[in-house]
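Visitor: Sharing input35.pdb, PDB, C-alpha atoms, pLDDT in the B column:
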ATOM      1  CA  GLY A   1      64.392 -32.784  51.915  1.00 52.00           C
ATOM      2  CA  GLU A   2      65.498 -29.272  51.166  1.00 65.00           C
ATOM      3  CA  ASN A   3      63.929 -26.496  53.187  1.00 85.00           C
ATOM      4  CA  VAL A   4      65.108 -23.176  54.610  1.00 94.00           C
ATOM      5  CA  GLU A   5      62.889 -21.424  57.137  1.00 96.00           C
ATOM      6  CA  GLN A   6      63.446 -17.719  57.785  1.00 97.00           C
ATOM      7  CA  HIS A   7      62.092 -15.525  60.595  1.00 97.00           C
ATOM      8  CA  PRO A   8      60.750 -12.962  61.074  1.00 97.00           C
ATOM      9  CA  SER A   9      59.023 -12.140  57.795  1.00 96.00           C
ATOM     10  CA  THR A  10      59.011  -8.432  58.686  1.00 97.00           C
ATOM     11  CA  LEU A  11      61.168  -6.482  61.106  1.00 98.00           C
ATOM     12  CA  SER A  12      60.875  -2.853  62.056  1.00 98.00           C
ATOM     13  CA  VAL A  13      63.605  -1.126  64.082  1.00 98.00           C
ATOM     14  CA  GLN A  14      64.676   2.388  65.015  1.00 98.00           C
ATOM     15  CA  GLU A  15      67.849   3.765  63.514  1.00 98.00           C
ATOM     16  CA  GLY A  16      70.800   2.771  65.662  1.00 97.00           C
ATOM     17  CA  ASP A  17      69.153  -0.382  67.020  1.00 97.00           C
ATOM     18  CA  SER A  18      70.302  -3.900  66.163  1.00 98.00           C
ATOM     19  CA  ALA A  19      68.425  -6.302  63.890  1.00 98.00           C
ATOM     20  CA  VAL A  20      68.601 -10.086  63.971  1.00 98.00           C
ATOM     21  CA  ILE A  21      67.239 -12.455  61.329  1.00 98.00           C
ATOM     22  CA  LYS A  22      67.240 -16.203  61.891  1.00 98.00           C
ATOM     23  CA  CYS A  23      67.189 -19.156  59.515  1.00 98.00           C
ATOM     24  CA  THR A  24      67.028 -22.907  59.925  1.00 97.00           C
ATOM     25  CA  TYR A  25      67.814 -25.531  57.329  1.00 95.00           C
ATOM     26  CA  SER A  26      66.896 -29.183  57.063  1.00 91.00           C
ATOM     27  CA  ASP A  27      69.629 -30.770  54.927  1.00 88.00           C
ATOM     28  CA  SER A  28      72.674 -31.719  56.999  1.00 88.00           C
ATOM     29  CA  ALA A  29      74.746 -31.804  53.772  1.00 86.00           C
ATOM     30  CA  SER A  30      74.413 -28.016  53.420  1.00 89.00           C
ATOM     31  CA  ASN A  31      77.855 -26.457  53.666  1.00 88.00           C
ATOM     32  CA  TYR A  32      77.572 -22.819  52.607  1.00 91.00           C
ATOM     33  CA  PHE A  33      75.235 -20.143  53.897  1.00 95.00           C
ATOM     34  CA  PRO A  34      75.049 -16.776  52.110  1.00 95.00           C
ATOM     35  CA  TRP A  35      72.931 -13.762  52.924  1.00 97.00           C
ATOM     36  CA  TYR A  36      71.561 -11.558  50.163  1.00 97.00           C
ATOM     37  CA  LYS A  37      70.125  -8.055  50.374  1.00 98.00           C
ATOM     38  CA  GLN A  38      67.508  -6.975  47.867  1.00 97.00           C
ATOM     39  CA  GLU A  39      66.505  -3.336  47.716  1.00 96.00           C
ATOM     40  CA  LEU A  40      63.174  -2.412  46.162  1.00 94.00           C
ATOM     41  CA  GLY A  41      63.186  -3.134  42.440  1.00 92.00           C
ATOM     42  CA  LYS A  42      66.822  -4.222  42.463  1.00 95.00           C
ATOM     43  CA  ARG A  43      68.731  -7.480  42.180  1.00 96.00           C
ATOM     44  CA  PRO A  44      69.703  -9.618  45.188  1.00 96.00           C
ATOM     45  CA  GLN A  45      73.274  -8.841  46.246  1.00 96.00           C
ATOM     46  CA  LEU A  46      75.525 -10.918  48.447  1.00 95.00           C
ATOM     47  CA  ILE A  47      76.378  -9.122  51.692  1.00 97.00           C
ATOM     48  CA  ILE A  48      78.050 -11.837  53.733  1.00 96.00           C
ATOM     49  CA  ASP A  49      78.458 -15.598  53.724  1.00 94.00           C
ATOM     50  CA  ILE A  50      79.710 -18.344  56.019  1.00 94.00           C
ATOM     51  CA  ARG A  51      80.944 -21.856  55.406  1.00 90.00           C
ATOM     52  CA  SER A  52      80.252 -24.894  57.524  1.00 86.00           C
ATOM     53  CA  ASN A  53      83.735 -25.012  59.023  1.00 86.00           C
ATOM     54  CA  VAL A  54      83.317 -21.569  60.610  1.00 84.00           C
ATOM     55  CA  GLY A  55      81.051 -20.569  63.490  1.00 91.00           C
ATOM     56  CA  GLU A  56      81.024 -16.803  63.115  1.00 94.00           C
ATOM     57  CA  LYS A  57      82.037 -14.154  60.608  1.00 94.00           C
ATOM     58  CA  LYS A  58      81.931 -10.380  60.868  1.00 96.00           C
ATOM     59  CA  ASP A  59      82.191  -7.567  58.337  1.00 94.00           C
ATOM     60  CA  GLN A  60      81.869  -4.095  59.843  1.00 96.00           C
ATOM     61  CA  ARG A  61      78.260  -3.741  61.051  1.00 97.00           C
ATOM     62  CA  ILE A  62      77.085  -7.149  59.884  1.00 98.00           C
ATOM     63  CA  ALA A  63      77.857 -10.559  61.319  1.00 98.00           C
ATOM     64  CA  VAL A  64      76.661 -14.070  60.709  1.00 98.00           C
ATOM     65  CA  THR A  65      76.677 -17.004  63.124  1.00 97.00           C
ATOM     66  CA  LEU A  66      76.236 -20.676  62.328  1.00 96.00           C
ATOM     67  CA  ASN A  67      75.228 -23.531  64.623  1.00 95.00           C
ATOM     68  CA  LYS A  68      75.661 -26.722  62.606  1.00 93.00           C
ATOM     69  CA  THR A  69      74.377 -28.978  65.347  1.00 93.00           C
ATOM     70  CA  ALA A  70      71.102 -27.103  65.592  1.00 94.00           C
ATOM     71  CA  LYS A  71      71.073 -26.366  61.837  1.00 95.00           C
ATOM     72  CA  HIS A  72      70.488 -22.694  62.219  1.00 95.00           C
ATOM     73  CA  PHE A  73      72.275 -19.508  61.236  1.00 97.00           C
ATOM     74  CA  SER A  74      71.611 -15.854  61.921  1.00 98.00           C
ATOM     75  CA  LEU A  75      72.342 -12.414  60.494  1.00 98.00           C
ATOM     76  CA  HIS A  76      73.094  -9.608  62.909  1.00 98.00           C
ATOM     77  CA  ILE A  77      73.107  -5.972  61.848  1.00 98.00           C
ATOM     78  CA  THR A  78      74.297  -3.455  64.430  1.00 97.00           C
ATOM     79  CA  GLU A  79      73.819   0.330  64.446  1.00 98.00           C
ATOM     80  CA  THR A  80      71.173   0.070  61.744  1.00 98.00           C
ATOM     81  CA  GLN A  81      70.783   2.904  59.249  1.00 97.00           C
ATOM     82  CA  PRO A  82      67.850   3.814  56.965  1.00 97.00           C
ATOM     83  CA  GLU A  83      69.821   2.506  53.968  1.00 97.00           C
ATOM     84  CA  ASP A  84      69.769  -0.950  55.569  1.00 98.00           C
ATOM     85  CA  SER A  85      66.043  -1.071  54.755  1.00 98.00           C
ATOM     86  CA  ALA A  86      65.549  -3.913  52.255  1.00 98.00           C
ATOM     87  CA  VAL A  87      64.489  -7.538  51.976  1.00 97.00           C
ATOM     88  CA  TYR A  88      67.118  -9.940  53.299  1.00 98.00           C
ATOM     89  CA  PHE A  89      67.338 -13.532  52.141  1.00 97.00           C
ATOM     90  CA  CYS A  90      69.228 -16.355  53.754  1.00 97.00           C
ATOM     91  CA  ALA A  91      70.173 -19.388  51.694  1.00 96.00           C
ATOM     92  CA  ALA A  92      71.716 -22.787  52.181  1.00 94.00           C
ATOM     93  CA  SER A  93      73.877 -24.316  49.485  1.00 87.00           C
ATOM     94  CA  ARG A  94      73.584 -28.000  48.900  1.00 79.00           C
ATOM     95  CA  PRO A  95      76.315 -29.727  46.882  1.00 74.00           C
ATOM     96  CA  SER A  96      74.945 -31.774  44.025  1.00 70.00           C
ATOM     97  CA  GLY A  97      77.144 -33.656  41.585  1.00 68.00           C
ATOM     98  CA  GLY A  98      80.098 -31.309  42.001  1.00 70.00           C
ATOM     99  CA  TYR A  99      77.961 -28.203  41.722  1.00 73.00           C
ATOM    100  CA  ASN A 100      75.775 -26.365  44.172  1.00 74.00           C
ATOM    101  CA  LYS A 101      72.183 -25.328  44.443  1.00 86.00           C
ATOM    102  CA  LEU A 102      71.034 -22.435  46.615  1.00 90.00           C
ATOM    103  CA  ILE A 103      67.824 -22.955  48.573  1.00 91.00           C
ATOM    104  CA  PHE A 104      66.502 -19.572  49.691  1.00 94.00           C
ATOM    105  CA  GLY A 105      64.472 -18.604  52.714  1.00 96.00           C
ATOM    106  CA  ALA A 106      61.260 -16.642  52.191  1.00 95.00           C
ATOM    107  CA  GLY A 107      62.905 -13.321  53.013  1.00 96.00           C
ATOM    108  CA  THR A 108      62.700 -10.726  55.808  1.00 97.00           C
ATOM    109  CA  ARG A 109      61.545  -7.222  55.067  1.00 97.00           C
ATOM    110  CA  LEU A 110      63.594  -4.903  57.288  1.00 98.00           C
ATOM    111  CA  ALA A 111      62.456  -1.335  57.834  1.00 98.00           C
ATOM    112  CA  VAL A 112      64.797   1.050  59.656  1.00 98.00           C
ATOM    113  CA  HIS A 113      63.049   4.193  60.831  1.00 96.00           C
ATOM    114  CA  PRO A 114      65.007   7.438  61.322  1.00 92.00           C
TER     115      PRO A 114
ATOM    116  CA  ASP B   1      81.157  -2.698  33.158  1.00 62.00           C
ATOM    117  CA  THR B   2      81.592  -6.306  34.255  1.00 63.00           C
ATOM    118  CA  ALA B   3      78.186  -7.644  35.120  1.00 92.00           C
ATOM    119  CA  VAL B   4      75.301  -9.971  34.528  1.00 96.00           C
ATOM    120  CA  SER B   5      72.837  -8.356  32.140  1.00 96.00           C
ATOM    121  CA  GLN B   6      69.340  -9.345  31.067  1.00 97.00           C
ATOM    122  CA  THR B   7      66.974  -8.237  28.340  1.00 96.00           C
ATOM    123  CA  PRO B   8      64.286  -7.141  28.352  1.00 97.00           C
ATOM    124  CA  LYS B   9      63.836  -5.482  31.734  1.00 96.00           C
ATOM    125  CA  TYR B  10      60.043  -5.520  31.387  1.00 97.00           C
ATOM    126  CA  LEU B  11      57.875  -7.839  29.332  1.00 97.00           C
ATOM    127  CA  VAL B  12      54.099  -7.577  29.082  1.00 97.00           C
ATOM    128  CA  THR B  13      52.344 -10.161  26.969  1.00 97.00           C
ATOM    129  CA  GLN B  14      49.098 -12.056  26.602  1.00 97.00           C
ATOM    130  CA  MET B  15      48.286 -15.595  27.623  1.00 97.00           C
ATOM    131  CA  GLY B  16      49.237 -18.182  25.050  1.00 97.00           C
ATOM    132  CA  ASN B  17      52.115 -16.203  23.575  1.00 97.00           C
ATOM    133  CA  ASP B  18      55.738 -17.406  23.379  1.00 97.00           C
ATOM    134  CA  LYS B  19      58.505 -15.158  24.698  1.00 97.00           C
ATOM    135  CA  SER B  20      62.237 -15.241  25.384  1.00 97.00           C
ATOM    136  CA  ILE B  21      64.475 -13.611  27.966  1.00 97.00           C
ATOM    137  CA  LYS B  22      68.189 -13.253  27.326  1.00 97.00           C
ATOM    138  CA  CYS B  23      71.053 -13.252  29.806  1.00 97.00           C
ATOM    139  CA  GLU B  24      74.724 -12.501  29.342  1.00 97.00           C
ATOM    140  CA  GLN B  25      77.625 -12.384  31.777  1.00 97.00           C
ATOM    141  CA  ASN B  26      81.090 -11.035  31.142  1.00 95.00           C
ATOM    142  CA  LEU B  27      82.552 -12.161  34.452  1.00 93.00           C
ATOM    143  CA  GLY B  28      84.207 -15.219  32.910  1.00 92.00           C
ATOM    144  CA  HIS B  29      82.001 -17.512  34.986  1.00 92.00           C
ATOM    145  CA  ASP B  30      81.317 -21.099  34.012  1.00 90.00           C
ATOM    146  CA  THR B  31      77.940 -21.584  35.643  1.00 91.00           C
ATOM    147  CA  MET B  32      74.684 -19.716  35.010  1.00 93.00           C
ATOM    148  CA  TYR B  33      71.258 -19.955  36.612  1.00 94.00           C
ATOM    149  CA  TRP B  34      67.659 -18.924  36.150  1.00 96.00           C
ATOM    150  CA  TYR B  35      65.573 -18.041  39.207  1.00 96.00           C
ATOM    151  CA  LYS B  36      61.904 -17.138  39.495  1.00 96.00           C
ATOM    152  CA  GLN B  37      60.779 -14.608  42.118  1.00 96.00           C
ATOM    153  CA  ASP B  38      57.040 -14.601  42.648  1.00 93.00           C
ATOM    154  CA  SER B  39      54.822 -11.819  43.988  1.00 89.00           C
ATOM    155  CA  LYS B  40      55.624 -12.850  47.570  1.00 88.00           C
ATOM    156  CA  LYS B  41      59.334 -12.362  46.832  1.00 88.00           C
ATOM    157  CA  PHE B  42      60.094 -16.072  47.112  1.00 91.00           C
ATOM    158  CA  LEU B  43      63.250 -16.906  45.104  1.00 93.00           C
ATOM    159  CA  LYS B  44      63.368 -20.360  43.552  1.00 92.00           C
ATOM    160  CA  ILE B  45      65.941 -21.879  41.252  1.00 91.00           C
ATOM    161  CA  MET B  46      64.671 -23.156  37.918  1.00 93.00           C
ATOM    162  CA  PHE B  47      67.725 -24.206  35.909  1.00 91.00           C
ATOM    163  CA  SER B  48      71.499 -24.160  35.982  1.00 90.00           C
ATOM    164  CA  TYR B  49      74.036 -24.635  33.200  1.00 90.00           C
ATOM    165  CA  ASN B  50      77.756 -25.290  33.491  1.00 87.00           C
ATOM    166  CA  ASN B  51      79.819 -24.760  30.345  1.00 86.00           C
ATOM    167  CA  LYS B  52      76.666 -25.036  28.220  1.00 85.00           C
ATOM    168  CA  GLU B  53      75.526 -28.248  29.911  1.00 87.00           C
ATOM    169  CA  LEU B  54      72.334 -28.496  31.949  1.00 88.00           C
ATOM    170  CA  ILE B  55      73.223 -29.465  35.533  1.00 86.00           C
ATOM    171  CA  ILE B  56      70.164 -28.450  37.542  1.00 83.00           C
ATOM    172  CA  ASN B  57      66.618 -28.833  36.309  1.00 84.00           C
ATOM    173  CA  GLU B  58      64.010 -28.249  38.979  1.00 84.00           C
ATOM    174  CA  THR B  59      60.367 -29.210  38.663  1.00 75.00           C
ATOM    175  CA  VAL B  60      59.511 -26.672  36.000  1.00 83.00           C
ATOM    176  CA  PRO B  61      56.815 -27.093  33.304  1.00 89.00           C
ATOM    177  CA  ASN B  62      58.318 -28.149  29.992  1.00 90.00           C
ATOM    178  CA  ARG B  63      56.910 -24.943  28.508  1.00 95.00           C
ATOM    179  CA  PHE B  64      60.120 -23.444  29.904  1.00 95.00           C
ATOM    180  CA  SER B  65      63.183 -24.257  27.822  1.00 93.00           C
ATOM    181  CA  PRO B  66      66.598 -22.838  28.645  1.00 93.00           C
ATOM    182  CA  LYS B  67      69.300 -22.612  26.010  1.00 93.00           C
ATOM    183  CA  SER B  68      72.991 -21.882  26.477  1.00 93.00           C
ATOM    184  CA  PRO B  69      74.748 -21.128  23.171  1.00 92.00           C
ATOM    185  CA  ASP B  70      78.021 -20.550  25.028  1.00 92.00           C
ATOM    186  CA  LYS B  71      79.096 -20.283  28.635  1.00 90.00           C
ATOM    187  CA  ALA B  72      78.538 -16.520  28.707  1.00 95.00           C
ATOM    188  CA  HIS B  73      74.894 -16.710  27.646  1.00 96.00           C
ATOM    189  CA  LEU B  74      71.825 -18.410  29.046  1.00 96.00           C
ATOM    190  CA  ASN B  75      68.454 -17.685  27.488  1.00 96.00           C
ATOM    191  CA  LEU B  76      65.009 -18.715  28.676  1.00 96.00           C
ATOM    192  CA  HIS B  77      62.211 -19.415  26.234  1.00 96.00           C
ATOM    193  CA  ILE B  78      58.667 -19.775  27.509  1.00 96.00           C
ATOM    194  CA  ASN B  79      55.906 -21.272  25.392  1.00 96.00           C
ATOM    195  CA  SER B  80      52.149 -20.856  25.821  1.00 97.00           C
ATOM    196  CA  LEU B  81      52.441 -18.288  28.594  1.00 97.00           C
ATOM    197  CA  GLU B  82      50.015 -18.558  31.517  1.00 96.00           C
ATOM    198  CA  LEU B  83      48.877 -16.034  34.122  1.00 96.00           C
ATOM    199  CA  GLY B  84      50.876 -17.891  36.774  1.00 94.00           C
ATOM    200  CA  ASP B  85      54.088 -17.264  34.872  1.00 96.00           C
ATOM    201  CA  SER B  86      53.926 -13.613  35.902  1.00 97.00           C
ATOM    202  CA  ALA B  87      56.983 -13.014  38.077  1.00 97.00           C
ATOM    203  CA  VAL B  88      60.438 -11.490  38.076  1.00 97.00           C
ATOM    204  CA  TYR B  89      62.991 -13.791  36.465  1.00 98.00           C
ATOM    205  CA  PHE B  90      66.590 -13.414  37.577  1.00 97.00           C
ATOM    206  CA  CYS B  91      69.631 -14.744  35.814  1.00 97.00           C
ATOM    207  CA  ALA B  92      72.745 -15.379  37.917  1.00 95.00           C
ATOM    208  CA  SER B  93      76.260 -16.680  37.407  1.00 94.00           C
ATOM    209  CA  SER B  94      79.090 -18.119  39.472  1.00 91.00           C
ATOM    210  CA  HIS B  95      82.607 -19.359  38.922  1.00 87.00           C
ATOM    211  CA  GLN B  96      83.017 -23.099  38.845  1.00 73.00           C
ATOM    212  CA  VAL B  97      86.086 -23.150  41.050  1.00 58.00           C
ATOM    213  CA  ASN B  98      84.300 -21.098  43.677  1.00 62.00           C
ATOM    214  CA  PRO B  99      80.779 -22.098  42.863  1.00 63.00           C
ATOM    215  CA  TYR B 100      79.093 -20.542  45.805  1.00 77.00           C
ATOM    216  CA  GLU B 101      79.030 -16.793  45.281  1.00 87.00           C
ATOM    217  CA  GLN B 102      76.321 -16.054  42.771  1.00 91.00           C
ATOM    218  CA  TYR B 103      76.004 -12.735  40.985  1.00 93.00           C
ATOM    219  CA  PHE B 104      72.493 -11.790  39.935  1.00 96.00           C
ATOM    220  CA  GLY B 105      71.302  -9.912  36.885  1.00 97.00           C
ATOM    221  CA  PRO B 106      68.868  -6.972  37.185  1.00 96.00           C
ATOM    222  CA  GLY B 107      65.805  -9.153  36.608  1.00 97.00           C
ATOM    223  CA  THR B 108      63.063  -9.296  33.980  1.00 97.00           C
ATOM    224  CA  ARG B 109      59.567  -8.476  35.180  1.00 97.00           C
ATOM    225  CA  LEU B 110      57.174 -10.634  33.155  1.00 97.00           C
ATOM    226  CA  THR B 111      53.484  -9.759  33.245  1.00 97.00           C
ATOM    227  CA  VAL B 112      51.032 -12.091  31.532  1.00 97.00           C
ATOM    228  CA  THR B 113      47.577 -10.652  30.941  1.00 96.00           C
TER     229      THR B 113
END
I'd like the structure from this file rewritten - as structure tokens, please.
Guide:
Amino acid sequence: GENVEQHPSTLSVQEGDSAVIKCTYSDSASNYFPWYKQELGKRPQLIIDIRSNVGEKKDQRIAVTLNKTAKHFSLHITETQPEDSAVYFCAASRPSGGYNKLIFGAGTRLAVHP
Amino acid sequence: DTAVSQTPKYLVTQMGNDKSIKCEQNLGHDTMYWYKQDSKKFLKIMFSYNNKELIINETVPNRFSPKSPDKAHLNLHINSLELGDSAVYFCASSHQVNPYEQYFGPGTRLTVT
């Protein structure tokens, strides 16, 4: 089946601390794992992604790791800032007939306190 | 501006009515999607079109009918609206060659009273 579990559902950190959000997926055919950030009242926006042939990817303060064997992937945000406060969604892409379908996790509401 | 746009941004209507939401992208993408985000923020795909052809059709009531007049537009028509249809509906698009990165529209907040 298709299922993406995301934890925690809420995360509160002090400015400057690190934040880690974890996701697990069930479909071993999943081959692409994006992370989206959604600020209040706004659209989801892609912040980083990783493909199944890579174990880790970093972009400035954010990084994503993937463990294909365990079927889990994580988002790491270092030196958090108040503007990082948002809902973060992980997703797993499952190829289907030459196209892809994104299965989203339930989201993590991150609050960064000054 | 290059973007995915949706109209209207807000839609308030009564149960039983029929309404449409429009989506347009000028990114030159071949694939477009409709997502529903409920009150708990859960994002779920409803439909996807590639070059005007339906390629993904999730378990959605047949009161929902997408239409793609061309590859830059994907509209969503909803018949006999119900209270449970209240949600934010997001349109998204991606390029066929690199089908993974999806760009979302600003969303349409539908409230059924």
Visitor: Residue by residue, what does the PyMOL selection byres ((chain A) within 9 of (chain B)) grab here? Present the result as an NGL selection string.
Guide: :A and (32-34 or 41-46 or 49 or 87 or 89 or 93 or 96-97 or 99-107)
Visitor: Considering all atoms listed in the file, return as an mmCIF file with C-alpha atoms, keeping the file's coordinate frame whatever protein or nucleic-acid residues lie within 10 Å of Asp17 of chain A, sequence-local ones (same chain, fewer than 6 positions apart) excluded.
Guide:
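Final output, saved to around.cif:
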data_model
loop_
_atom_site.group_PDB
_atom_site.id
_atom_site.type_symbol
_atom_site.label_atom_id
_atom_site.label_comp_id
_atom_site.auth_asym_id
_atom_site.auth_seq_id
_atom_site.Cartn_x
_atom_site.Cartn_y
_atom_site.Cartn_z
ATOM 1 C CA ILE A 77 73.107 -5.972 61.848
ATOM 2 C CA THR A 78 74.297 -3.455 64.430
ATOM 3 C CA GLU A 79 73.819 0.330 64.446
ATOM 4 C CA THR A 80 71.173 0.070 61.744
ATOM 5 C CA GLN A 81 70.783 2.904 59.249
ATOM 6 C CA VAL A 112 64.797 1.050 59.656
ATOM 7 C CA HIS A 113 63.049 4.193 60.831
#
Visitor: Rank A:Ala111, A:Ala86, A:Ala92, A:Val20 by their smallest atom-to-atom distance to Arg51 of chain A, using only C-alpha atoms, and report the top residue only.
Guide: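 With only C-alpha atoms as the atom set, the closest residue is A:Ala92.
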Visitor: I need the output of the PyMOL selection byres ((chain A and resi 25) around 8) for this file as a ChimeraX atom specification; which residues are they?
Guide: /A:2-5,23-24,26-28,71-72,92
Visitor: List, as a ChimeraX atom specification, every residue that the PyMOL selection byres ((chain B and resi 75) around 6) selects in the file provided.
Guide: /B:21-23,66-67,74,76
Visitor: What separation in Å, quoted to one decimal, exists between atom CA of Thr113 of chain B and atom CA of Gly16 of chain B?
Guide: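 Calculated distance between atom CA of Thr113 of chain B and atom CA of Gly16 of chain B is 9.7 Å.
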Visitor: Show which residues sit within 12 Å of Gln14 of chain B, as JSON, numbers by chain. Count only C-alpha atoms, and ignore same-chain residues fewer than 2 positions away.
Guide: {"B": [11, 12, 16, 17, 18, 19, 79, 80, 81, 82, 83, 84, 85, 86, 110, 111, 112, 113]}
Visitor: With all atoms listed in the file as the counted atoms, please give the residues lying no more than 10 Å from Asn67 of chain A, apart from itself and same-chain residues fewer than 5 positions off, as a tab-separated table (two decimals) with C-alpha atoms, in the coordinates of the input.
Guide:
chain	number	residue	atom	x	y	z
A	24	THR	CA	67.03	-22.91	59.92
A	52	SER	CA	80.25	-24.89	57.52
A	54	VAL	CA	83.32	-21.57	60.61
A	55	GLY	CA	81.05	-20.57	63.49
A	56	GLU	CA	81.02	-16.80	63.12
A	72	HIS	CA	70.49	-22.69	62.22
A	73	PHE	CA	72.28	-19.51	61.24
A	74	SER	CA	71.61	-15.85	61.92
Visitor: Quick one: pull the distance between atom CA of Ala19 of chain A and atom CA of Ile48 of chain A, Å, one decimal.
Guide: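 According to the coordinates, atom CA of Ala19 of chain A and atom CA of Ile48 of chain A are separated by 15.0 Å.
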Visitor: Between B:Ser93, B:Arg63, B:Ser5, B:Ala87, which residue has the minimum interatomic distance to Glu24 of chain B, considering all atoms listed in the file?
Guide: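 That would be B:Ser5, the residue with the smallest distance to Glu24 of chain B.
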Visitor: Using Å and a single decimal, report how far atom CA of Met15 of chain B sits from atom CA of Ile78 of chain B.
Guide: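 Separating atom CA of Ile78 of chain B from atom CA of Met15 of chain B is a distance of 11.2 Å.
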Visitor: Name the residues in contact with Tyr88 of chain A at a cut-off of 9 Å, using all atoms listed in the file, excluding same-chain residues fewer than 5 positions from it; report them as a ChimeraX atom specification.
Guide: /A:21,35-39,44,106-110
Visitor: Where's the centre, and what are the edge lengths in Å to one decimal, of a box along x, y and z enclosing all listed atoms of segment 23-33 of chain A padded 4 Å per side, as JSON?
Guide:
{"center_x": 72.4, "center_y": -25.5, "center_z": 56.3, "size_x": 19.0, "size_y": 20.6, "size_z": 15.3}
Visitor: Reconstruct segment 90-105 of chain A at the level of N, CA and C atoms, and format the result as a short mmCIF file (atom, residue, chain, number, x, y, z; two decimals), in the frame of the given file.
Guide:
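That gives us out.cif:
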data_model
loop_
_atom_site.label_atom_id
_atom_site.label_comp_id
_atom_site.auth_asym_id
_atom_site.auth_seq_id
_atom_site.Cartn_x
_atom_site.Cartn_y
_atom_site.Cartn_z
N CYS A 90 68.20 -15.38 53.43
CA CYS A 90 69.23 -16.36 53.75
C CYS A 90 69.13 -17.48 52.72
N ALA A 91 70.18 -18.25 52.61
CA ALA A 91 70.17 -19.39 51.69
C ALA A 91 71.12 -20.45 52.22
N ALA A 92 70.83 -21.67 51.85
CA ALA A 92 71.72 -22.79 52.18
C ALA A 92 72.09 -23.47 50.87
N SER A 93 73.39 -23.70 50.71
CA SER A 93 73.88 -24.32 49.48
C SER A 93 74.03 -25.81 49.69
N ARG A 94 73.48 -26.55 48.80
CA ARG A 94 73.58 -28.00 48.90
C ARG A 94 74.40 -28.51 47.73
N PRO A 95 75.53 -29.20 47.99
CA PRO A 95 76.32 -29.73 46.88
C PRO A 95 75.53 -30.82 46.16
N SER A 96 75.67 -30.79 44.84
CA SER A 96 74.94 -31.77 44.02
C SER A 96 75.77 -32.07 42.79
N GLY A 97 76.38 -33.24 42.76
CA GLY A 97 77.14 -33.66 41.58
C GLY A 97 78.29 -32.73 41.24
N GLY A 98 78.97 -32.19 42.25
CA GLY A 98 80.10 -31.31 42.00
C GLY A 98 79.71 -29.86 41.85
N TYR A 99 78.43 -29.58 41.82
CA TYR A 99 77.96 -28.20 41.72
C TYR A 99 77.16 -27.89 42.97
N ASN A 100 76.57 -26.69 43.00
CA ASN A 100 75.78 -26.36 44.17
C ASN A 100 74.45 -25.77 43.76
N LYS A 101 73.52 -25.88 44.65
CA LYS A 101 72.18 -25.33 44.44
C LYS A 101 71.86 -24.50 45.68
N LEU A 102 71.41 -23.28 45.49
CA LEU A 102 71.03 -22.44 46.62
C LEU A 102 69.55 -22.59 46.89
N ILE A 103 69.21 -22.92 48.13
CA ILE A 103 67.82 -22.96 48.57
C ILE A 103 67.61 -21.71 49.43
N PHE A 104 66.70 -20.85 49.02
CA PHE A 104 66.50 -19.57 49.69
C PHE A 104 65.39 -19.65 50.73
N GLY A 105 65.57 -18.85 51.80
CA GLY A 105 64.47 -18.60 52.71
C GLY A 105 63.47 -17.66 52.07
#
